[in-house]
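Read the structure below first, then the notes.
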Amino acid sequence: MKRAGLAVLAALASALCLAAAADPAERLPDPAQEARARVLFKEVRCMVCQNESIEDSQADLAVDLRRLVRERIAAGEDDEAVRRWLVDRYGEFVLLRPSFSPGNVILWLAPLLAVLVGLAALLIRVRSFESSSPELTPAEAQRLAGLLRTDDRHDPALKSSPDDPNA
C-alpha cells in the first residue's frame, strides 16, 4: 500500500514538473546556447515579481525577457554583452546580484553598517548599565548586613555553620 502511494506521489510530482517546464518551441535548437540562456535567466530579476528570476516567473514580462535573451544568444552575443544590454535597458535593478560599484555601494555595505551600529549601541548600553550601579554607603552596607543576619535567624537553610568565622 505504501509503495502504491509513493508511486502515485512520484507520478504527480513528475507531471507537475513537466507542466512547469518551458514550451519546447521557445527553446534554442543548440543545447549549449540554451544552457547559457538558462544560466542568464537565473541572474535576471523579473521586473513584475521583483524577487523571482525570469526563469521562475510566469509573468508576461518574464516570458518576453526570456525570448529577448534567447534571441541575443542566438545572434551570437556573449553572456556579458546580454547582461550589459539588459542593464542598459532596465537599469542595474534587473540583475539579482548587482555589481559592486560606487553607485550601489551603500546597498552592499548597509547590512554590515547596521550590524556594527547595533553592536556599538549594545556595548554602550552594557557599559552604562555596569557603571550605573552605585556603591553602597557605609550606613546602607550596615543595614543590609543586619537584614541578612535577620534572614539567617528565620531561615535554617541560611544559618551559618559553626565553622564560619563570619558568624
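Labeling convention for the C-alpha cells: chains A, B, ... as they appear, residues from 1 per chain, ligands from 1 in order of appearance.
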
Original post:
Could you name the residues that touch stretch 81-87 of chain A at 7 Å or less, counting only C-alpha atoms, but leaving out those on the same chain fewer than 6 positions away, as a list in words?
Top reply: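 Near neighbours after the sequence-gap exclusion: Val69, Arg72 and Val94 of chain A.
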
Selection near A:Glu43, 12 Å with only C-alpha atoms, sequence-local residues under 4 positions removed, as a CSV table (one decimal) with all heavy atoms, in the first residue's frame:
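Result file is around-v8.csv:
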```csv
chain,number,residue,atom,x,y,z
A,36,ARG,N,23.3,28.3,-21.8
A,36,ARG,CA,23.8,29.6,-21.5
A,36,ARG,C,22.6,30.5,-21.1
A,36,ARG,O,22.7,31.3,-20.2
A,36,ARG,CB,24.6,30.2,-22.6
A,36,ARG,CG,26.0,29.7,-22.8
A,36,ARG,CD,26.7,30.3,-23.9
A,36,ARG,NE,26.6,31.7,-24.0
A,36,ARG,CZ,26.4,32.4,-25.2
A,36,ARG,NH1,26.5,31.7,-26.4
A,36,ARG,NH2,26.3,33.7,-25.2
A,37,ALA,N,21.5,30.4,-21.9
A,37,ALA,CA,20.4,31.2,-21.7
A,37,ALA,C,19.8,30.9,-20.3
A,37,ALA,O,19.4,31.8,-19.6
A,37,ALA,CB,19.3,31.0,-22.8
A,38,ARG,N,19.7,29.7,-19.9
A,38,ARG,CA,19.1,29.3,-18.6
A,38,ARG,C,20.0,29.8,-17.5
A,38,ARG,O,19.4,30.2,-16.5
A,38,ARG,CB,19.0,27.8,-18.5
A,38,ARG,CG,17.9,27.3,-19.5
A,38,ARG,CD,17.2,26.1,-18.9
A,38,ARG,NE,16.1,25.8,-19.8
A,38,ARG,CZ,14.8,26.0,-19.5
A,38,ARG,NH1,14.6,26.7,-18.4
A,38,ARG,NH2,13.9,25.7,-20.3
A,39,VAL,N,21.3,29.9,-17.6
A,39,VAL,CA,22.1,30.5,-16.6
A,39,VAL,C,21.8,32.0,-16.5
A,39,VAL,O,21.7,32.5,-15.4
A,39,VAL,CB,23.6,30.2,-16.9
A,39,VAL,CG1,24.5,31.1,-16.0
A,39,VAL,CG2,24.0,28.8,-16.8
A,51,ASN,N,11.2,39.6,-6.8
A,51,ASN,CA,12.0,38.7,-6.0
A,51,ASN,C,12.2,37.3,-6.7
A,51,ASN,O,12.6,36.4,-6.0
A,51,ASN,CB,11.5,38.5,-4.6
A,51,ASN,CG,11.7,39.7,-3.8
A,51,ASN,OD1,12.7,40.5,-4.0
A,51,ASN,ND2,10.9,40.0,-2.8
A,52,GLU,N,11.9,37.2,-7.9
A,52,GLU,CA,12.0,36.0,-8.7
A,52,GLU,C,12.8,36.2,-9.9
A,52,GLU,O,12.9,37.3,-10.4
A,52,GLU,CB,10.6,35.5,-9.1
A,52,GLU,CG,9.8,34.8,-8.1
A,52,GLU,CD,8.5,34.2,-8.7
A,52,GLU,OE1,8.1,34.7,-9.7
A,52,GLU,OE2,8.0,33.3,-8.1
A,53,SER,N,13.5,35.2,-10.3
A,53,SER,CA,14.3,35.3,-11.6
A,53,SER,C,13.3,35.1,-12.7
A,53,SER,O,12.2,34.6,-12.5
A,53,SER,CB,15.3,34.2,-11.6
A,53,SER,OG,14.7,32.9,-11.7
A,54,ILE,N,13.7,35.5,-13.9
A,54,ILE,CA,12.8,35.4,-15.0
A,54,ILE,C,12.6,33.9,-15.4
A,54,ILE,O,11.7,33.5,-16.1
A,54,ILE,CB,13.3,36.1,-16.3
A,54,ILE,CG1,14.6,35.7,-16.8
A,54,ILE,CG2,13.2,37.6,-16.0
A,54,ILE,CD1,15.0,36.3,-18.1
A,55,GLU,N,13.5,33.0,-14.9
A,55,GLU,CA,13.3,31.6,-15.1
A,55,GLU,C,12.2,31.1,-14.3
A,55,GLU,O,11.4,30.2,-14.7
A,55,GLU,CB,14.6,30.8,-14.7
A,55,GLU,CG,14.5,29.3,-14.9
A,55,GLU,CD,15.7,28.6,-14.6
A,55,GLU,OE1,16.2,28.7,-13.5
A,55,GLU,OE2,16.1,27.8,-15.5
A,56,ASP,N,12.0,31.6,-13.1
A,56,ASP,CA,10.9,31.1,-12.2
A,56,ASP,C,9.6,31.8,-12.4
A,56,ASP,O,8.6,31.3,-12.0
A,56,ASP,CB,11.3,31.3,-10.7
A,56,ASP,CG,12.6,30.5,-10.4
A,56,ASP,OD1,12.8,29.5,-11.0
A,56,ASP,OD2,13.4,31.0,-9.5
A,65,LEU,N,11.3,38.7,-21.7
A,65,LEU,CA,12.7,38.8,-21.4
A,65,LEU,C,13.4,37.5,-21.7
A,65,LEU,O,14.5,37.5,-22.3
A,65,LEU,CB,13.0,39.2,-19.9
A,65,LEU,CG,12.7,40.6,-19.6
A,65,LEU,CD1,12.9,40.8,-18.1
A,65,LEU,CD2,13.7,41.5,-20.3
A,66,ARG,N,12.8,36.4,-21.4
A,66,ARG,CA,13.4,35.1,-21.8
A,66,ARG,C,13.6,35.0,-23.3
A,66,ARG,O,14.6,34.6,-23.9
A,66,ARG,CB,12.6,33.9,-21.3
A,66,ARG,CG,12.7,33.7,-19.8
A,66,ARG,CD,12.2,32.4,-19.4
A,66,ARG,NE,10.7,32.2,-19.7
A,66,ARG,CZ,9.8,32.4,-18.8
A,66,ARG,NH1,10.0,32.8,-17.5
A,66,ARG,NH2,8.5,32.2,-19.1
A,69,VAL,N,16.4,37.4,-24.4
A,69,VAL,CA,17.8,36.8,-24.1
A,69,VAL,C,18.1,35.7,-25.1
A,69,VAL,O,19.2,35.6,-25.6
A,69,VAL,CB,17.8,36.3,-22.6
A,69,VAL,CG1,19.0,35.4,-22.3
A,69,VAL,CG2,17.7,37.5,-21.6
A,79,ASP,N,27.6,36.3,-23.0
A,79,ASP,CA,26.8,36.5,-21.8
A,79,ASP,C,26.9,37.9,-21.3
A,79,ASP,O,26.0,38.5,-20.9
A,79,ASP,CB,27.1,35.5,-20.8
A,79,ASP,CG,26.8,34.0,-21.2
A,79,ASP,OD1,26.2,33.8,-22.2
A,79,ASP,OD2,27.2,33.1,-20.4
A,80,GLU,N,28.2,38.4,-21.3
A,80,GLU,CA,28.4,39.7,-20.8
A,80,GLU,C,27.7,40.8,-21.6
A,80,GLU,O,27.2,41.8,-21.1
A,80,GLU,CB,29.9,40.0,-20.7
A,80,GLU,CG,30.3,41.3,-19.9
A,80,GLU,CD,29.7,41.3,-18.5
A,80,GLU,OE1,29.7,40.2,-17.8
A,80,GLU,OE2,29.2,42.4,-18.1
A,82,VAL,N,24.9,40.4,-23.3
A,82,VAL,CA,23.5,40.3,-23.0
A,82,VAL,C,23.2,40.9,-21.7
A,82,VAL,O,22.2,41.7,-21.5
A,82,VAL,CB,23.1,38.8,-23.0
A,82,VAL,CG1,21.6,38.7,-22.5
A,82,VAL,CG2,23.3,38.2,-24.3
A,83,ARG,N,24.0,40.7,-20.6
A,83,ARG,CA,23.9,41.4,-19.3
A,83,ARG,C,23.9,42.9,-19.5
A,83,ARG,O,23.1,43.6,-18.9
A,83,ARG,CB,24.9,40.9,-18.3
A,83,ARG,CG,24.6,39.6,-17.6
A,83,ARG,CD,25.6,39.4,-16.5
A,83,ARG,NE,25.8,37.9,-16.4
A,83,ARG,CZ,26.8,37.2,-16.9
A,83,ARG,NH1,27.7,37.8,-17.7
A,83,ARG,NH2,26.8,35.9,-16.7
A,86,LEU,N,20.8,44.3,-21.0
A,86,LEU,CA,19.7,44.3,-20.0
A,86,LEU,C,19.9,45.4,-19.1
A,86,LEU,O,18.9,46.1,-18.7
A,86,LEU,CB,19.6,42.9,-19.3
A,86,LEU,CG,19.1,41.7,-20.1
A,86,LEU,CD1,19.4,40.4,-19.3
A,86,LEU,CD2,17.6,41.9,-20.3
A,87,VAL,N,21.1,45.6,-18.6
A,87,VAL,CA,21.3,46.7,-17.6
A,87,VAL,C,21.1,48.1,-18.3
A,87,VAL,O,20.5,49.0,-17.7
A,87,VAL,CB,22.7,46.6,-17.0
A,87,VAL,CG1,23.1,47.9,-16.2
A,87,VAL,CG2,22.8,45.4,-16.1
A,92,GLU,N,20.4,48.6,-13.3
A,92,GLU,CA,21.1,47.5,-12.6
A,92,GLU,C,20.1,46.7,-11.7
A,92,GLU,O,20.4,45.6,-11.3
A,92,GLU,CB,22.3,48.0,-11.8
A,92,GLU,CG,23.3,47.0,-11.7
A,92,GLU,CD,24.7,47.6,-11.3
A,92,GLU,OE1,24.9,48.8,-11.5
A,92,GLU,OE2,25.4,46.8,-10.7
A,93,PHE,N,19.0,47.2,-11.5
A,93,PHE,CA,18.0,46.5,-10.7
A,93,PHE,C,17.5,45.2,-11.3
A,93,PHE,O,17.1,44.3,-10.7
A,93,PHE,CB,16.8,47.4,-10.4
A,93,PHE,CG,15.7,46.8,-9.6
A,93,PHE,CD1,15.9,46.7,-8.2
A,93,PHE,CD2,14.5,46.4,-10.1
A,93,PHE,CE1,14.9,46.1,-7.4
A,93,PHE,CE2,13.5,45.8,-9.3
A,93,PHE,CZ,13.7,45.7,-8.0
A,94,VAL,N,17.7,45.1,-12.6
A,94,VAL,CA,17.3,43.9,-13.3
A,94,VAL,C,18.2,42.7,-13.0
A,94,VAL,O,17.7,41.6,-13.1
A,94,VAL,CB,17.3,44.1,-14.9
A,94,VAL,CG1,18.7,44.1,-15.5
A,94,VAL,CG2,16.4,43.1,-15.6
A,95,LEU,N,19.3,42.9,-12.4
A,95,LEU,CA,20.2,41.8,-12.0
A,95,LEU,C,19.9,41.4,-10.6
A,95,LEU,O,19.8,42.3,-9.7
A,95,LEU,CB,21.7,42.2,-12.1
A,95,LEU,CG,22.2,42.6,-13.5
A,95,LEU,CD1,23.6,43.1,-13.5
A,95,LEU,CD2,22.0,41.5,-14.5
A,96,LEU,N,19.8,40.1,-10.3
A,96,LEU,CA,19.5,39.7,-9.0
A,96,LEU,C,20.7,39.9,-8.1
A,96,LEU,O,20.6,40.1,-6.9
A,96,LEU,CB,19.1,38.2,-9.0
A,96,LEU,CG,17.7,37.9,-9.4
A,96,LEU,CD1,17.5,36.4,-9.6
A,96,LEU,CD2,16.7,38.4,-8.4
A,97,ARG,N,21.9,39.9,-8.7
A,97,ARG,CA,23.1,40.3,-7.9
A,97,ARG,C,23.8,41.4,-8.6
A,97,ARG,O,24.7,41.2,-9.5
A,97,ARG,CB,24.1,39.1,-7.9
A,97,ARG,CG,23.6,38.0,-7.0
A,97,ARG,CD,24.6,36.9,-6.8
A,97,ARG,NE,23.9,35.7,-6.5
A,97,ARG,CZ,24.2,34.5,-7.1
A,97,ARG,NH1,25.3,34.4,-7.9
A,97,ARG,NH2,23.6,33.5,-6.8
A,98,PRO,N,23.5,42.6,-8.3
A,98,PRO,CA,24.1,43.8,-8.9
A,98,PRO,C,25.6,43.9,-8.6
A,98,PRO,O,26.1,43.3,-7.6
A,98,PRO,CB,23.4,45.0,-8.3
A,98,PRO,CG,22.5,44.5,-7.3
A,98,PRO,CD,22.5,43.0,-7.3
A,99,SER,N,26.3,44.5,-9.5
A,99,SER,CA,27.8,44.6,-9.3
A,99,SER,C,28.1,45.6,-8.2
A,99,SER,O,27.3,46.4,-7.8
A,99,SER,CB,28.4,45.1,-10.6
A,99,SER,OG,28.0,46.4,-10.9
```

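Taking atom CA of A:Glu26 and atom CA of A:Val44 as endpoints, the distance between them is 17.7 Å.
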
Subject >> DSSP-assigned strand (DSSP E or B) among stretch 20-103 of chain A, expressed as a list in words >> reply: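 Strand (DSSP E or B) members of stretch 20-103 of chain A, listed: Val44, Arg45, Ser53 and Leu95 of chain A.
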
Export N, CA and C atoms of the chosen residues as a PDB file, in the first residue's frame?
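As written to disk, again.pdb reads:
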```pdb
ATOM      1  N   VAL A  44      18.686  37.147 -13.863  1.00  0.00           N
ATOM      2  CA  VAL A  44      17.892  38.323 -14.225  1.00  0.00           C
ATOM      3  C   VAL A  44      16.599  38.344 -13.412  1.00  0.00           C
ATOM      4  N   ARG A  45      16.315  39.490 -12.825  1.00  0.00           N
ATOM      5  CA  ARG A  45      15.130  39.682 -11.981  1.00  0.00           C
ATOM      6  C   ARG A  45      13.909  39.940 -12.855  1.00  0.00           C
ATOM      7  N   SER A  53      13.529  35.195 -10.317  1.00  0.00           N
ATOM      8  CA  SER A  53      14.270  35.305 -11.564  1.00  0.00           C
ATOM      9  C   SER A  53      13.281  35.140 -12.714  1.00  0.00           C
ATOM     10  N   LEU A  95      19.344  42.935 -12.445  1.00  0.00           N
ATOM     11  CA  LEU A  95      20.207  41.828 -12.035  1.00  0.00           C
ATOM     12  C   LEU A  95      19.885  41.439 -10.594  1.00  0.00           C
TER      13      LEU A  95
END
```

Original post:
Please, what distance in Å, to one decimal, runs between atom CA of A:Ala114 and atom CA of A:Pro102?
Top reply: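 Computing it gives 19.0 Å between the two atoms.
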
Subject >> Per-residue DSSP, stretch 48-88 of chain A, filtered to helix (DSSP H, G or I), as a ChimeraX atom specification >> reply: /A:60-74,79-88

Expected file contents, prior selection, C-alpha atoms, as a PDB file, in the first residue's frame:
```pdb
ATOM      1  CA  ASP A  60       4.325  38.207 -19.382  1.00  0.00           C
ATOM      2  CA  LEU A  61       7.376  40.444 -18.991  1.00  0.00           C
ATOM      3  CA  ALA A  62       9.463  37.479 -17.829  1.00  0.00           C
ATOM      4  CA  VAL A  63       8.349  35.478 -20.873  1.00  0.00           C
ATOM      5  CA  ASP A  64       9.325  38.418 -23.110  1.00  0.00           C
ATOM      6  CA  LEU A  65      12.704  38.791 -21.391  1.00  0.00           C
ATOM      7  CA  ARG A  66      13.440  35.076 -21.825  1.00  0.00           C
ATOM      8  CA  ARG A  67      12.603  35.415 -25.517  1.00  0.00           C
ATOM      9  CA  LEU A  68      14.852  38.500 -25.879  1.00  0.00           C
ATOM     10  CA  VAL A  69      17.754  36.812 -24.077  1.00  0.00           C
ATOM     11  CA  ARG A  70      17.410  33.753 -26.340  1.00  0.00           C
ATOM     12  CA  GLU A  71      17.330  35.989 -29.425  1.00  0.00           C
ATOM     13  CA  ARG A  72      20.538  37.756 -28.405  1.00  0.00           C
ATOM     14  CA  ILE A  73      22.314  34.490 -27.611  1.00  0.00           C
ATOM     15  CA  ALA A  74      21.160  33.025 -30.943  1.00  0.00           C
ATOM     16  CA  ASP A  79      26.789  36.477 -21.844  1.00  0.00           C
ATOM     17  CA  GLU A  80      28.411  39.740 -20.765  1.00  0.00           C
ATOM     18  CA  ALA A  81      27.001  41.582 -23.782  1.00  0.00           C
ATOM     19  CA  VAL A  82      23.500  40.273 -22.986  1.00  0.00           C
ATOM     20  CA  ARG A  83      23.855  41.365 -19.331  1.00  0.00           C
ATOM     21  CA  ARG A  84      25.116  44.793 -20.427  1.00  0.00           C
ATOM     22  CA  TRP A  85      22.167  45.167 -22.817  1.00  0.00           C
ATOM     23  CA  LEU A  86      19.706  44.266 -20.042  1.00  0.00           C
ATOM     24  CA  VAL A  87      21.326  46.733 -17.606  1.00  0.00           C
ATOM     25  CA  ASP A  88      21.360  49.491 -20.250  1.00  0.00           C
TER      26      ASP A  88
END
```

Subject >> Separation of atom CA of A:Lys42 from atom CA of A:Phe100 in Å >> reply: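 That distance, rounded to one decimal, is 18.7 Å.
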